[in-house]
Structures are given as C-alpha cells and as structure tokens.
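Dropping data.tsv in here (TSV, C-alpha atoms):
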```
chain	number	residue	atom	x	y	z
A	487	MET	CA	0.00	0.00	0.00
A	488	SER	CA	2.98	2.33	0.01
A	489	GLY	CA	4.34	1.77	-3.45
A	490	ARG	CA	4.96	4.02	-6.39
A	491	TYR	CA	2.24	6.60	-7.05
A	492	SER	CA	0.62	5.95	-3.70
A	493	ALA	CA	3.18	6.77	-1.00
A	494	PHE	CA	3.24	10.51	-1.67
A	495	THR	CA	1.08	11.08	-4.76
A	496	PHE	CA	-2.12	13.04	-4.34
A	497	CYS	CA	-4.06	12.64	-7.55
A	498	ASP	CA	-6.57	9.90	-8.31
A	499	ARG	CA	-7.70	11.25	-11.65
A	500	ILE	CA	-7.17	14.32	-13.82
A	501	THR	CA	-10.66	15.40	-14.79
A	502	SER	CA	-9.87	18.25	-17.15
A	503	TYR	CA	-6.71	19.33	-18.86
A	504	VAL	CA	-5.73	22.20	-21.14
A	505	PRO	CA	-2.05	21.70	-22.03
A	506	ALA	CA	0.26	24.26	-20.44
A	507	ARG	CA	-2.74	26.25	-19.20
A	508	ARG	CA	-4.88	24.57	-16.55
A	509	ALA	CA	-6.05	21.30	-15.11
A	510	SER	CA	-8.47	19.88	-12.57
A	511	ALA	CA	-8.16	16.68	-10.62
A	512	ARG	CA	-9.64	14.68	-7.77
A	513	PHE	CA	-8.08	13.06	-4.77
A	514	ALA	CA	-10.07	11.13	-2.19
A	515	ILE	CA	-8.48	11.42	1.24
A	516	PRO	CA	-8.53	7.85	2.57
A	517	ALA	CA	-11.17	7.56	5.27
A	518	GLY	CA	-8.96	5.36	7.43
A	519	LEU	CA	-6.25	7.97	8.02
A	520	PRO	CA	-6.03	9.61	11.45
A	521	ALA	CA	-5.72	13.08	9.87
A	522	PHE	CA	-4.73	14.87	6.68
A	523	ALA	CA	-2.63	18.00	7.18
A	524	SER	CA	-3.46	21.12	5.21
A	525	CYS	CA	0.13	21.16	3.96
A	526	LEU	CA	-0.69	17.95	2.08
A	527	VAL	CA	-3.56	19.77	0.36
A	528	ALA	CA	-0.97	22.29	-0.81
A	529	GLU	CA	1.20	19.36	-1.93
A	530	ALA	CA	-1.71	17.91	-3.91
A	531	THR	CA	-2.31	21.22	-5.65
A	532	GLY	CA	1.37	21.67	-6.42
A	533	GLN	CA	1.63	18.13	-7.77
A	534	LEU	CA	-1.18	18.82	-10.24
A	535	ALA	CA	0.74	21.87	-11.49
A	536	ALA	CA	3.81	19.64	-11.74
A	537	TRP	CA	1.96	17.13	-13.94
A	538	VAL	CA	0.86	19.89	-16.32
A	539	SER	CA	4.31	21.46	-16.51
A	540	MET	CA	6.14	18.15	-16.94
A	541	ALA	CA	3.75	17.06	-19.69
A	542	HIS	CA	4.29	20.38	-21.48
A	543	ILE	CA	8.03	19.72	-21.83
A	544	GLY	CA	7.78	16.02	-22.58
A	545	PHE	CA	8.78	15.01	-19.03
A	546	ARG	CA	12.37	16.18	-19.66
A	547	GLY	CA	12.29	18.19	-16.47
A	548	ARG	CA	10.41	18.29	-13.21
A	549	PRO	CA	9.62	21.27	-11.02
A	550	VAL	CA	10.63	21.32	-7.39
A	551	ALA	CA	9.08	23.48	-4.70
A	552	ALA	CA	10.96	26.74	-4.46
A	553	LEU	CA	8.73	29.78	-4.01
A	554	ALA	CA	5.18	30.06	-2.75
A	555	GLY	CA	4.11	33.68	-2.54
A	556	GLU	CA	0.90	33.06	-0.66
A	557	THR	CA	-0.97	30.05	0.71
A	558	ARG	CA	-4.36	30.59	2.32
A	559	TYR	CA	-5.62	27.85	4.60
A	560	THR	CA	-9.32	28.60	4.78
A	561	HIS	CA	-10.67	25.31	6.17
A	562	ASP	CA	-9.28	22.09	7.53
A	563	VAL	CA	-9.91	18.89	5.63
A	564	ALA	CA	-10.69	15.48	7.07
A	565	PRO	CA	-10.17	11.84	6.10
A	566	GLY	CA	-12.98	10.80	3.80
A	567	ASP	CA	-13.16	14.23	2.09
A	568	LEU	CA	-12.96	14.39	-1.69
A	569	LEU	CA	-10.49	17.06	-2.75
A	570	GLU	CA	-11.24	18.87	-6.01
A	571	LEU	CA	-8.05	20.48	-7.27
A	572	ASP	CA	-7.63	23.22	-9.87
A	573	VAL	CA	-4.45	24.85	-11.13
A	574	ASP	CA	-3.83	27.73	-13.52
A	575	ILE	CA	-0.44	27.80	-15.15
A	576	GLU	CA	0.88	31.31	-15.51
A	577	HIS	CA	4.15	30.37	-17.17
A	578	CYS	CA	5.75	27.08	-18.10
A	579	ASP	CA	8.90	26.14	-19.98
A	580	ASP	CA	12.10	24.13	-19.56
A	581	GLU	CA	13.32	26.59	-16.91
A	582	THR	CA	10.41	27.30	-14.59
A	583	VAL	CA	6.74	26.84	-13.88
A	584	ALA	CA	4.66	29.57	-12.27
A	585	TYR	CA	1.13	28.79	-11.15
A	586	SER	CA	-1.75	29.39	-8.83
A	587	GLY	CA	-4.26	26.85	-7.58
A	588	ARG	CA	-7.02	25.98	-5.19
A	589	ALA	CA	-8.59	23.02	-3.50
A	590	THR	CA	-12.23	22.62	-2.64
A	591	VAL	CA	-14.26	20.08	-0.71
A	592	ALA	CA	-17.96	19.84	-1.56
A	593	GLY	CA	-17.79	23.25	-3.24
A	594	ARG	CA	-16.08	24.98	-0.30
A	595	THR	CA	-12.58	26.35	-0.84
A	596	VAL	CA	-10.19	24.82	1.67
A	597	LEU	CA	-6.89	26.14	0.32
A	598	GLU	CA	-5.63	28.68	-2.19
A	599	LEU	CA	-2.13	28.97	-3.60
A	600	ALA	CA	-0.87	32.08	-5.40
A	601	ASP	CA	2.38	33.19	-6.93
A	602	CYS	CA	4.08	29.79	-6.82
A	603	VAL	CA	7.26	29.26	-8.80
A	604	GLY	CA	9.33	26.14	-9.23
A	605	PRO	CA	12.54	25.74	-11.21
A	606	MET	CA	12.60	22.75	-13.55
A	607	LEU	CA	15.37	20.26	-12.87
A	608	PRO	CA	16.56	17.40	-15.09
A	609	GLN	CA	13.98	14.63	-14.74
A	610	ASP	CA	16.47	11.82	-15.24
A	611	GLU	CA	18.12	12.64	-11.93
A	612	TYR	CA	14.90	12.25	-9.98
A	613	ASP	CA	12.54	9.90	-11.76
A	614	SER	CA	11.88	7.95	-14.92
A	615	PRO	CA	10.47	10.24	-17.63
A	616	ASP	CA	8.83	7.26	-19.38
A	617	ASP	CA	7.17	6.00	-16.20
A	618	LEU	CA	5.84	9.47	-15.47
A	619	ALA	CA	4.48	9.85	-19.00
A	620	ARG	CA	2.62	6.54	-18.62
A	621	GLU	CA	1.24	7.54	-15.23
A	622	PHE	CA	0.09	10.86	-16.63
A	623	ASP	CA	-1.83	9.03	-19.36
A	624	ARG	CA	-3.36	6.76	-16.71
A	625	LEU	CA	-4.42	9.74	-14.59
A	626	ARG	CA	-6.03	11.37	-17.61
A	627	GLY	CA	-7.80	8.12	-18.45
A	628	ASP	CA	-9.45	5.89	-15.89
A	629	GLY	CA	-7.24	7.18	-13.11
A	630	GLU	CA	-5.83	5.39	-10.11
A	631	MET	CA	-7.76	3.49	-7.47
A	632	PRO	CA	-8.63	5.93	-4.65
A	633	GLY	CA	-7.54	5.25	-1.08
A	634	ARG	CA	-3.91	4.30	-1.79
A	635	PHE	CA	-2.19	6.95	0.34
A	636	PRO	CA	-0.96	5.33	3.57
A	637	GLY	CA	-0.32	8.57	5.48
A	638	VAL	CA	2.97	9.98	6.67
A	639	PRO	CA	4.79	9.18	9.90
A	640	PRO	CA	4.54	11.86	12.62
A	641	HIS	CA	7.32	14.41	12.75
A	642	VAL	CA	10.07	13.87	15.29
A	643	ILE	CA	10.46	17.36	16.77
A	644	ASP	CA	12.32	18.30	19.95
A	645	THR	CA	12.20	21.79	21.40
A	646	THR	CA	15.69	23.07	22.14
A	647	GLU	CA	15.05	26.69	23.15
A	648	GLN	CA	12.02	28.65	24.18
A	649	VAL	CA	11.93	32.28	25.24
A	650	THR	CA	8.29	33.19	25.53
A	651	GLY	CA	7.26	35.85	23.06
A	652	LYS	CA	10.75	36.03	21.57
A	653	ILE	CA	11.86	32.75	20.02
A	654	ARG	CA	11.17	29.05	19.84
A	655	ARG	CA	13.77	26.69	18.44
A	656	ALA	CA	13.38	23.00	17.75
A	657	THR	CA	15.03	20.22	15.83
A	658	LEU	CA	13.29	18.11	13.24
A	659	GLN	CA	14.85	14.72	12.62
A	660	VAL	CA	14.24	13.71	9.01
A	661	PRO	CA	13.89	9.92	8.82
A	662	THR	CA	16.53	7.97	6.97
A	663	ALA	CA	13.77	5.88	5.42
A	664	ALA	CA	10.05	6.54	5.03
A	665	PRO	CA	7.35	5.48	2.58
A	666	PHE	CA	7.09	8.98	1.07
A	667	PHE	CA	10.63	8.75	-0.30
A	668	THR	CA	9.32	6.10	-2.72
A	669	ASP	CA	7.55	8.86	-4.62
A	670	HIS	CA	9.64	11.84	-3.61
A	671	PHE	CA	11.74	10.98	-5.55
A	672	PRO	CA	12.49	7.44	-6.78
A	673	ARG	CA	16.00	8.20	-7.99
A	674	ARG	CA	16.89	10.86	-5.43
A	675	PRO	CA	15.00	10.87	-2.13
A	676	VAL	CA	14.33	14.38	-0.85
A	677	PHE	CA	12.31	15.42	2.20
A	678	PRO	CA	9.15	17.10	0.82
A	679	ALA	CA	9.04	20.87	1.30
A	680	THR	CA	5.40	20.66	2.34
A	681	LEU	CA	6.29	18.31	5.21
A	682	LEU	CA	9.06	20.68	6.25
A	683	LEU	CA	6.54	23.51	6.23
A	684	ASP	CA	4.10	21.41	8.24
A	685	ALA	CA	6.78	20.83	10.88
A	686	ALA	CA	7.82	24.49	10.87
A	687	LEU	CA	4.20	25.63	11.27
A	688	SER	CA	3.73	23.31	14.23
A	689	VAL	CA	6.75	24.97	15.91
A	690	ALA	CA	5.40	28.44	15.05
A	691	ARG	CA	1.96	27.49	16.35
A	692	LYS	CA	3.38	26.41	19.71
A	693	PHE	CA	5.37	29.63	19.78
A	694	VAL	CA	2.27	31.84	19.42
A	695	HIS	CA	0.28	29.68	21.85
A	696	ASP	CA	2.92	30.29	24.50
A	697	ASP	CA	2.87	34.07	24.06
A	698	PRO	CA	1.34	35.58	27.21
A	699	ALA	CA	0.56	38.77	25.31
A	700	LEU	CA	-2.08	36.90	23.31
A	701	PRO	CA	-5.52	35.85	24.57
A	702	VAL	CA	-5.03	32.56	26.38
A	703	GLU	CA	-8.44	31.26	25.37
A	704	ALA	CA	-7.68	31.46	21.65
A	705	ARG	CA	-6.55	28.41	19.68
A	706	TRP	CA	-4.44	29.82	16.90
A	707	ARG	CA	-4.28	28.14	13.54
A	708	PRO	CA	-2.29	29.19	10.48
A	709	GLN	CA	-4.53	31.03	8.05
A	710	ARG	CA	-1.97	32.41	5.61
A	711	VAL	CA	1.64	31.57	4.86
A	712	THR	CA	3.65	33.92	2.67
A	713	ASN	CA	7.13	34.24	1.25
A	714	VAL	CA	7.91	30.53	1.34
A	715	LYS	CA	11.35	30.10	-0.13
A	716	MET	CA	13.14	26.75	-0.37
A	717	ARG	CA	16.87	27.27	-0.83
A	718	ASP	CA	18.15	23.74	-0.71
A	719	PHE	CA	17.11	20.11	-0.59
A	720	ILE	CA	16.76	18.32	2.72
A	721	LEU	CA	18.04	14.78	2.58
A	722	PRO	CA	17.05	11.62	4.46
A	723	GLY	CA	18.61	11.49	7.91
A	724	GLN	CA	19.41	15.19	8.18
A	725	THR	CA	18.66	17.20	11.30
A	726	VAL	CA	16.87	20.47	10.62
A	727	GLU	CA	16.79	23.32	13.10
A	728	LEU	CA	13.45	25.15	13.02
A	729	THR	CA	13.17	28.63	14.47
A	730	ALA	CA	10.04	30.72	14.99
A	731	GLU	CA	10.27	34.39	15.91
A	732	PRO	CA	7.60	37.09	16.16
A	733	LEU	CA	6.72	39.55	13.41
A	734	SER	CA	4.31	42.46	13.72
A	735	PRO	CA	0.78	41.00	14.09
A	736	THR	CA	-1.99	41.26	11.51
A	737	ALA	CA	-5.46	42.58	12.28
A	738	VAL	CA	-6.69	39.07	13.10
A	739	GLY	CA	-3.81	37.52	14.97
A	740	PRO	CA	-0.13	36.92	15.54
A	741	ARG	CA	2.48	36.52	12.83
A	742	ALA	CA	5.78	34.68	12.94
A	743	SER	CA	8.79	34.12	10.76
A	744	VAL	CA	10.00	30.58	10.42
A	745	VAL	CA	13.49	29.59	9.36
A	746	ALA	CA	14.82	26.11	8.69
A	747	ARG	CA	18.55	25.46	8.84
A	748	VAL	CA	20.74	22.44	8.25
A	749	GLY	CA	23.99	23.20	10.01
A	750	GLU	CA	24.85	26.81	9.20
A	751	ARG	CA	22.90	26.74	5.94
A	752	THR	CA	19.44	28.33	5.76
A	753	VAL	CA	17.40	25.89	3.70
A	754	ALA	CA	13.95	27.46	3.93
A	755	THR	CA	12.14	30.57	5.14
A	756	ALA	CA	8.49	31.58	5.43
A	757	ARG	CA	6.13	33.92	7.25
A	758	ALA	CA	3.04	32.54	8.96
A	759	GLU	CA	-0.10	34.41	9.97
A	760	PHE	CA	-2.47	32.95	12.55
A	761	THR	CA	-6.12	33.40	13.31
A	762	ALA	CA	-8.18	32.25	16.27
A	763	GLU	CA	-10.13	29.09	15.54
A	764	ALA	CA	-13.87	29.66	15.51
B	111	MET	CA	24.36	55.45	-21.40
B	112	GLU	CA	21.31	53.29	-22.03
B	113	PHE	CA	19.19	55.01	-19.39
B	114	THR	CA	19.52	58.35	-17.63
B	115	LYS	CA	19.75	58.73	-13.88
B	116	GLU	CA	16.29	60.29	-13.95
B	117	GLU	CA	14.90	57.21	-15.69
B	118	ILE	CA	16.57	54.92	-13.15
B	119	ASP	CA	15.14	57.06	-10.34
B	120	THR	CA	11.61	56.57	-11.62
B	121	VAL	CA	11.71	52.84	-10.86
B	122	TYR	CA	14.37	52.57	-8.16
B	123	PRO	CA	12.18	53.00	-5.06
B	124	LYS	CA	9.86	50.19	-6.09
B	125	VAL	CA	12.77	48.00	-7.25
B	126	ALA	CA	14.52	48.53	-3.90
B	127	GLU	CA	11.34	47.66	-2.01
B	128	THR	CA	10.89	44.53	-4.14
B	129	ILE	CA	14.50	43.46	-3.56
B	130	ALA	CA	14.08	44.00	0.21
B	131	ASP	CA	10.92	41.86	0.17
B	132	ALA	CA	12.61	39.11	-1.84
B	133	LEU	CA	15.74	39.01	0.30
B	134	GLY	CA	14.02	39.62	3.63
B	135	CYS	CA	16.23	42.63	4.38
B	136	GLU	CA	15.51	46.25	5.19
B	137	VAL	CA	14.93	48.55	2.23
B	138	ASP	CA	17.60	50.88	3.66
B	139	ASP	CA	20.15	48.08	3.17
B	140	VAL	CA	19.47	48.06	-0.57
B	141	LYS	CA	21.93	50.48	-2.12
B	142	LEU	CA	21.75	51.23	-5.82
B	143	ASN	CA	25.23	49.89	-6.56
B	144	ALA	CA	25.51	47.12	-3.99
B	145	SER	CA	26.28	43.63	-5.28
B	146	LEU	CA	23.16	41.56	-4.67
B	147	ILE	CA	25.23	38.44	-4.07
B	148	GLU	CA	28.24	39.80	-2.21
B	149	ASP	CA	26.59	42.57	-0.21
B	150	LEU	CA	23.05	41.29	0.23
B	151	ASP	CA	23.67	37.51	0.29
B	152	ALA	CA	21.36	36.80	-2.65
B	153	GLU	CA	21.38	33.31	-4.17
B	154	SER	CA	20.14	32.03	-7.51
B	155	ILE	CA	16.70	31.27	-6.06
B	156	ASP	CA	16.49	34.92	-4.98
B	157	PHE	CA	17.03	36.07	-8.56
B	158	LEU	CA	14.15	33.83	-9.69
B	159	ASP	CA	12.01	35.24	-6.88
B	160	LEU	CA	13.04	38.79	-7.72
B	161	VAL	CA	12.20	38.48	-11.41
B	162	PHE	CA	8.68	37.23	-10.63
B	163	ARG	CA	8.15	39.92	-7.99
B	164	LEU	CA	9.29	42.65	-10.39
B	165	GLU	CA	6.93	41.31	-13.04
B	166	ARG	CA	4.02	41.59	-10.62
B	167	ALA	CA	5.10	44.92	-9.15
B	168	PHE	CA	5.57	46.60	-12.53
B	169	LYS	CA	3.10	44.49	-14.57
B	170	ILE	CA	5.82	43.61	-17.07
B	171	LYS	CA	7.22	40.41	-18.56
B	172	ILE	CA	10.90	39.70	-18.01
B	173	PRO	CA	12.37	36.99	-20.21
B	174	ARG	CA	13.09	34.05	-17.90
B	175	GLY	CA	16.80	33.44	-17.28
B	176	LYS	CA	17.68	35.74	-20.14
B	177	ILE	CA	19.48	38.51	-18.30
B	178	VAL	CA	22.89	37.01	-18.99
B	179	GLU	CA	21.81	36.24	-22.55
B	180	GLU	CA	20.81	39.90	-22.99
B	181	ALA	CA	24.17	40.92	-21.63
B	182	ARG	CA	25.74	39.06	-24.57
B	183	GLY	CA	23.99	41.35	-27.02
B	184	ASP	CA	24.87	40.72	-30.64
B	185	LEU	CA	27.83	38.52	-29.77
B	186	SER	CA	27.52	34.82	-30.41
B	187	GLU	CA	28.07	32.51	-27.45
B	188	ALA	CA	31.51	31.61	-28.81
B	189	GLU	CA	32.41	35.28	-29.22
B	190	PHE	CA	31.21	36.05	-25.69
B	191	GLU	CA	32.82	33.21	-23.81
B	192	GLN	CA	35.37	30.46	-24.38
B	193	LYS	CA	35.37	27.42	-22.10
B	194	GLY	CA	33.30	29.30	-19.54
B	195	ILE	CA	35.60	32.36	-19.46
B	196	VAL	CA	34.33	35.68	-20.83
B	197	THR	CA	36.40	36.80	-23.85
B	198	ASP	CA	37.90	40.27	-24.30
B	199	ALA	CA	35.00	41.13	-26.63
B	200	GLY	CA	32.61	39.81	-24.01
B	201	LEU	CA	34.22	41.94	-21.30
B	202	THR	CA	33.87	45.03	-23.48
B	203	ARG	CA	30.23	44.21	-24.08
B	204	LEU	CA	29.64	43.59	-20.37
B	205	ARG	CA	31.22	46.92	-19.37
B	206	SER	CA	28.71	48.61	-21.66
B	207	PHE	CA	25.70	46.50	-20.65
B	208	LEU	CA	26.51	46.71	-16.95
B	209	SER	CA	27.54	50.36	-17.05
B	210	GLU	CA	26.43	50.69	-13.44
B	211	VAL	CA	29.21	48.32	-12.35
B	212	SER	CA	32.69	49.71	-11.81
B	213	PRO	CA	34.81	48.65	-14.85
B	214	ASP	CA	37.55	47.38	-12.56
B	215	LYS	CA	35.16	44.65	-11.41
B	216	ILE	CA	34.70	43.46	-14.99
B	217	LYS	CA	38.17	42.22	-15.73
B	218	ALA	CA	39.82	39.04	-16.98
B	219	PRO	CA	39.64	36.28	-16.07
B	220	LEU	CA	35.87	36.40	-15.49
B	221	LYS	CA	33.87	33.18	-15.45
B	222	ALA	CA	30.55	33.49	-17.30
B	223	ALA	CA	28.86	31.70	-14.40
B	224	GLU	CA	29.97	34.50	-12.10
B	225	ILE	CA	28.36	37.32	-14.09
B	226	PRO	CA	25.38	37.42	-11.68
B	227	ARG	CA	27.84	38.38	-8.92
B	228	LEU	CA	28.08	41.73	-10.69
B	229	PHE	CA	24.33	42.40	-10.60
B	230	THR	CA	23.19	45.34	-8.52
B	231	PRO	CA	19.79	46.90	-7.83
B	232	GLU	CA	20.53	49.27	-10.71
B	233	THR	CA	20.95	46.25	-13.00
B	234	PHE	CA	17.37	45.31	-12.17
B	235	CYS	CA	16.17	48.90	-12.59
B	236	LYS	CA	17.47	48.64	-16.15
B	237	VAL	CA	15.85	45.23	-16.59
B	238	VAL	CA	12.53	46.83	-15.62
B	239	LEU	CA	13.03	49.83	-17.89
B	240	ARG	CA	13.93	47.57	-20.83
B	241	ALA	CA	10.82	45.47	-20.23
B	242	GLN	CA	8.67	48.60	-20.02
B	243	LYS	CA	10.13	49.82	-23.30
B	244	ALA	CA	9.58	46.43	-24.94
B	245	ALA	CA	6.00	46.14	-23.73
B	246	PRO	CA	4.32	48.27	-26.42
B	247	ALA	CA	6.14	46.31	-29.14
B	248	ALA	CA	5.12	43.01	-27.59
B	249	ALA	CA	1.50	44.03	-27.18
```
Just give me the structure of the file as structure tokens.
Amino acid sequence: MSGRYSAFTFCDRITSYVPARRASARFAIPAGLPAFASCLVAEATGQLAAWVSMAHIGFRGRPVAALAGETRYTHDVAPGDLLELDVDIEHCDDETVAYSGRATVAGRTVLELADCVGPMLPQDEYDSPDDLAREFDRLRGDGEMPGRFPGVPPHVIDTTEQVTGKIRRATLQVPTAAPFFTDHFPRRPVFPATLLLDAALSVARKFVHDDPALPVEARWRPQRVTNVKMRDFILPGQTVELTAEPLSPTAVGPRASVVARVGERTVATARAEFTAEA
Amino acid sequence: MEFTKEEIDTVYPKVAETIADALGCEVDDVKLNASLIEDLDAESIDFLDLVFRLERAFKIKIPRGKIVEEARGDLSEAEFEQKGIVTDAGLTRLRSFLSEVSPDKIKAPLKAAEIPRLFTPETFCKVVLRAQKAAPAAA
C-alpha cells in the first residue's frame, strides 16, 4: 500500500486538462487515516501543477518546490473528504513553472495557492520520464484506485530553546527511510518541502500559543503563509533546526517568521499568519 | 548610457522595495550599486524570486533566465565566452551592458557563471526599464 504513485502522490484522476494552461483533478483522502494535514492539500495542488508542466516539456524536467508567494488555509480537511483540485499555469517552460491553484471540498474552498514558482530540474536525476508519462496518461484516463495513500509518519520534533514571546527553536529529525521517499523521488529521495513547512508551522503554532501577550483562550491556527522560499534540498537522515520568531501582528492575529537550517545553511524561510479558531 | 539617472530614479524606489521583500532585508540596506550576491547575500533562487516579484510589481514580462543572454547582445556565445571564461570582446560588451558596475570589477579572467555576482539593484532597474520599453512592441 505504500508503493509508487501511492506513497506521496495526491491525484486519483485528472478530470480536465488544457495543455500548459490549466487542469483539474480529484483526490479522495482515505477515510482510514487519522488526519490529513493542510500542507498535504498544498502538496496535492502543487503536484497537479507539476503534472501539467512536466507534460508540457515532454517530461524532460520536473519542477521542485521553491517559491510560494501566498498560501491561504481557509478550512481544515478530514479523512474521507474528496479534494477537487484546480491549477492555472501562468508560465511554463524548460526553466520554470509559475502557477496558482485551489482546493475545494464539496464546493467549499479549503486552500488557495498564489504566486508559486518552481525551477525545472533534469527529470532523469529524480525519476523515470517514461514512467511518469505513462502515469500521466493513466491519470487522464481511468485514473488510479482511490484510497492508496498510507499517510505519513509523525514528525520527530524536539524543542531546544524557548523564550516566551521572543523565540522558539526545535530540531526536526528527518527519517533515513520513510514510505514517502518512494515517490519523492524514486532516484533521489528528498524530504518534501510541504512536510518541512508542516513541521515548521507546528513549531510556530506552539510559539504563538505560549505568548502571554495573546488571549489565552484562543486556539491559533495558520490562516496564511507567505514568502515561502526553499533554498536547498533536505536529505534523508538530516537534522533540521526550526526557528520561529515574532513579526508584527496582523489585524486578526499573531504573525511569525519561520526559518529552517541544516547546520549553518538556511534551507527554507516563510512567514506565517495565525487566526483564532472559531 | 542606455538610461539616464532620472529614468533609473523613476523605478528605483519600487525595485529597492521589491528586492528587500525578496531578500528579507531592510529597504535601507538596498543600495543602488551594492552587489546583490556579495553585499546582500542573494542566491540564484532569490534572482528567480526577484524576477517574478518585479513582473508583478511593474506588470511587465521579463524573459526568464535571459538577463545574462541579454548581456551578450549581438555577440555569439563563442564570441562572448570560451570554455566558460568571458572573452575580451565579451568583457567590453559587459562593461557597456553593466555600465552601473565599476569597470575594474569586470576584468579578466571572469567566469561566465559569475556574471550574476556583478548584478546590482541598478541592474534590475534597467531590466525593468527595458521590459517597459519592450511592452508596447510586444503588445
């Protein structure tokens, strides 16, 4: 149940497709999962844009997550939900793909992505172009059997420093082996940027929850993440230091910067805005 | 001179703000002739980010990854560089194209891959101005 095109692939069927322009797809979140993080909804949307961009250049290259200008998390999703995904390709060639996208459940928008850009890297180094072309045809035809995704293991995060209202630092231990590496990517395993962001947001969320300047009764959840920038790959087995620090708040809640480092190298940055859960 | 100081000044404040947003630094740290890589710690991903931000900020289209290609001008690749090193003709062309960069920084031996190290905020002001000029023709 954790093989190719199931371990970390979030598309059951592509339901409409205009080459190099737009596409829609469906993904049924398996009902048996304990949860389905919103970051995986972003992953699903990004993967649909990746299919369109790879198909446009004959699967010679593949985009990797690099820049996400704005991600709006409007509603949580739950196991058993049917995700409807739509992407609009703003620009696509052998160098880069730029796109926006959204995900809905039963007609309600659960996530929106805007101003996303990914550089295209040589496909041969990451995956089999022929296999991907065949899978793309399958997804545009009858599609894959829903319910294949086995879930992801919980993050291993240890808090290393906490100064209330000023900083929270933690380490994320990337597993040396995990089912998601089967898909991401077969020839060169890389820790998915969306999982890194999920871990970073959990650190930032704890940081804002601990801030005594904020209403203690509020349960803060990320509502908008901006300026996501991935600077380097994170490899199996690496230890990532995650840091959350305060930024000036928005009208609806606190805001934090998150930084991910491997050793001295900054590998990712983002800004997260929180809102009180209803 | 391809563009006057007055022309550069028309776009510089917004370019500086865009660079500060892309690099996560203060706008006051963005000096017109600072090296984006050496002085502001920019990396290749930042240039990609910057190009897309400038497109949105100025509602222009900037040819993707073509800044170095534009720098080559009418020279063929072989005339511009040999085995990754910029030729004398290429250096002359670069000194003209990157007139905002001190000529003593554009000297042999210069690896073609290191041309982006020369880029400054003014380089991107000119990129914007060129795109604005090209827009009516492209429309």
**Nearest candidate to B:Glu189 (options B:Leu201, B:Ile225, B:Ala144, B:Val211; using only C-alpha atoms)** =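 The answer is B:Leu201, which sits nearest to B:Glu189.
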**Request:** Can you work out which one of A:Asp579, A:Asp574, A:Glu727, A:Asp601 has the shortest atom-to-atom distance to B:Pro173, counting all atoms listed in the file?
**Result:**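 The answer is A:Asp579, which sits nearest to B:Pro173.
Picture a line from atom CA of A:Leu658 to atom CA of A:Arg490; it runs 25.6 Å.
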**Request:** Find the spatial neighbours of stretch 163-171 of chain B, counting all atoms listed in the file, within a cut-off of 12 Å - ignore same-chain residues fewer than 5 positions away - and output them as a PyMOL selection string.
**Result:** (chain A and resi 553-555+576-577+584+600-603+713) or (chain B and resi 120-133+156-158+176+231+234-246+248-249)
**Message:** So the first atom is atom CA of B:Val137 and the second is atom CA of B:Leu160; what is the distance between them in Å, to one decimal place?
**Reply:**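 Result for atom CA of B:Val137 versus atom CA of B:Leu160: 14.1 Å, one decimal.
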**Request:** Find the residue from A:Ala679, A:Leu721, A:Ala762, A:Gly651 that sits nearest to A:Ala664; use all atoms listed in the file when measuring.
**Result:** A:Leu721
**Prompt:** Could you state the separation of atom CA of A:Glu556 and atom CA of A:Thr725 in Å, given to one decimal place?
**Reply:** 26.6 Å
**Message:** Excluding A:Cys578 and its own-chain neighbours fewer than 4 positions away, which residues fall within 10 Å of it when counting only C-alpha atoms? Please give them as number ranges by chain.
**Reply:** A: 506-507, 535-536, 538-540, 542-543, 549, 582-585, 603-606
**Prompt:** Do you know which residues lie at most 8 Å from (-5.9, 21.1, 12.0), with coordinates as in the file and all atoms listed in the file counted, and could you write them as a PyMOL selection string?
**Reply:** chain A and resi 523-524+562-563+707
**Prompt:** Residues at most 10 Å from A:Asp610, counting all atoms listed in the file, excluding those fewer than 2 positions away in the same chain, as a PyMOL selection string?
**Reply:** chain A and resi 545-548+607-608+612-616+673-674
**Prompt:** Using only C-alpha atoms, which residues sit within 10 Å of A:Gly489 once same-chain residues fewer than 3 positions away are excluded, as a PyMOL selection string?
**Reply:** chain A and resi 492-495+634-636+665-669
**Asked** Do you know which residues are at most 9 Å from stretch 148-151 of chain B counting all atoms listed in the file, after dropping those on the same chain fewer than 4 positions away, and could you put them as number ranges by chain?
**Response** B: 133, 135, 139-140, 144, 227-228
